[in-house]
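Heads up, the thing below is written out as structure tokens.
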Amino acid sequence: MKIFKLAGILFVCLSLLFVTDVSGAPKRKDVKQDPPDLLVKIGDKVITKREFDARIAGLPAESQKRLKTEQQKKAYLDLLVQSELLALEAQSLRIDKETAIALRMDDLKTNLLAQEYMQRQLAKLPKITDRDIEKYYSDHKAELVTPPMVRAQHILIRVDSKAKEDEVKAAYNKTNGIRDEAVKGADFGKLAEKYSEDEANKVNGGNIGFFTRDRVIPEISQQAFNMKVGEISQPVKTTLGYHIIKVNEKTDAKQLTLVEASPRIRTFLENTRQQELLKKEIDRLKGKYRLVAYPEKLK
């Protein structure tokens with residue numbers, strides 16, 4: 001079972017490796033003797049221990065962690081062999097010469113090289129310092145706040161957009177009847193479990209958790225933020241149908257401290273620097289390689 005799990009984890013990584021190997025790897029016809037660190041030989045194609053270790057070193061860190069034991073390495077080698085055999089058979093059928101396949105192989109190679117180049121360029125960027133973070137916090141303090149939030153439950157009675165007038169009225173009356181039960185003291189969560197047609201959260205009593213104004217349907221957001229804690233709304237119509245909302249908690253906007261805001265600021269500054277570097281590199285390379293493009297021909 002462990003071997004099959006390993007196969008699933010490494011499949012994507014291997015797919016990139018084999019495109020390059022099959023399309024351009026030398027067949028070593030000039031090699032008279034097998035290399036001393038030979039692991040596998042398939043016709044003229046060989047996989048040496050040095051190449052095998054290099055492949056592992058080129059995998060993502062998470063995949064490398066799963067290739068520590070002898071058993072894991074043997075499973076990986078087996079996957080290499082399987083892919084080589086299948087790729088060789090594809091070559092024998094000239095599949096690699098088909099235009100669509102050849103272009104996909106070229107795209108994989110291009111993307112791999114582009115990613116590797118940018119990773120090396122990004123590694124040269126200066127690290128974000130505490131002073132950088134403190135300056136950004138000072139300059140943008142007013143923006144670094146936790147917005148107001150509401151924690152609520154809801155019950156939904158669905159109404160099709162093409163429903164007839166009498167069907168819409170029946171749904172409204174049913175919703176209103178459920179609201180009457182809630183207002184009289186019935187447990188809102190149990191009512192949601194019994195009546196709500198929102199399958200995603202009826203099982204947890206209709207709880208939709210904390211949300212900001214922009215994270216839920218506008219009609220629900222507007223209603224909920226204008227309600228008091230503990231209040232139960234009148235039926236609210238949305239494109240889904242009729243809702244009853246119960247507000248359980250409200251929080252005001254809160255200024256983030258420097259400590260609270262630091263992770264967000266660091267990520268923002270890192271992303272900004274990376275995007276600036278990418279733009280600078282693309283602009284430079286457009287000139288270096290004399291880019292000429294005719295996007296209007298895509299019409």
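Within each chain, counting starts at residue 1; across the structure tokens, chains are named A, B, ... in the order shown, with ligands numbered 1 upward in that order.
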
message = To test your reading of the structure, identify every residue in range 71-180 of chain A that backbone DSSP assigns to strand (DSSP E or B), and report it as an MDAnalysis selection string.
response = chainID A and resid 145:146 149:158

request  = Select from range 4-218 of chain A everything DSSP, run on the backbone, classes as helix (DSSP H, G or I), then give the selection as a ChimeraX atom specification.
outcome  = /A:4-24,49-57,61-65,70-92,95-97,99-122,130-139,141-143,165-183,188-195,202-204,218

query = By how many Å are CA of Val159 in chain A and CA of Gly185 in chain A apart?
reply =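 Computing the Euclidean distance for CA of Val159 in chain A and CA of Gly185 in chain A yields 26.2 Å.
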
Given only C-alpha atoms, how would the per-residue table for range 50-156 of chain A near range 164-180 of chain A read, listing every residue at most 12 Å away with its closest atom pair and distance in Å to one decimal, sorted by chain and number, as a tab-separated table?
residue	atom	partner	partner_atom	distance
A:His154	CA	A:Arg179	CA	10.6
A:Ile155	CA	A:Thr175	CA	8.3
A:Leu156	CA	A:Thr175	CA	7.9

task = Find the spatial neighbours of Lys49 in chain A, counting only C-alpha atoms, within a cut-off of 7 Å - ignore same-chain residues fewer than 6 positions away - and output them as a list in words.
result =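 Residues near the query, excluding close chain neighbours: Asp37, Leu38 and Leu39 of chain A.
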
inquiry  = Restricting the calculation to only C-alpha atoms: of A:Ile128, A:Pro295, A:Leu93, A:Gly58, which residue gets closest to Pro263 in chain A?
reply    = A:Ile128

ask   = Excluding same-chain residues fewer than 3 positions from range 240-251 of chain A, what lies within 7 Å of it counting only C-alpha atoms, as a count of residues only?
value = 27

query = Looking at A:Glu296, A:Asp53, A:Glu199, A:Glu281, which one is nearest to Ala114 in chain A, with distances taken over only C-alpha atoms?
reply = A:Glu281

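We find CA of Ala253 in chain A and CA of Asn207 in chain A to be spaced 21.9 Å apart.
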
ask   = Which value, in Å to one decimal, gives the distance between CA of Thr238 in chain A and CA of Arg215 in chain A?
value =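 Answer for the CA of Thr238 in chain A to CA of Arg215 in chain A separation: 14.9 Å.
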
Contacts of range 118-126 of chain A at 12 Å (only C-alpha atoms; same-chain gap of 6+ positions) as a list in words =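 So the residues in contact are Asn111, Leu112, Asp132, Leu269, Glu270, Asn271, Thr272, Arg273, Gln274, Gln275, Glu276, Leu277, Leu278, Lys279, Lys280, Glu281 and Ile282 of chain A.
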
request  = Would you mind telling me which residue in A:Leu291, A:Leu80, A:Asp187, A:Ile101 lies nearest to Glu51 in chain A when using only C-alpha atoms?
outcome  =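 Checking each of A:Leu291, A:Leu80, A:Asp187, A:Ile101 against Glu51 in chain A, counting only C-alpha atoms, the winner is A:Leu80.
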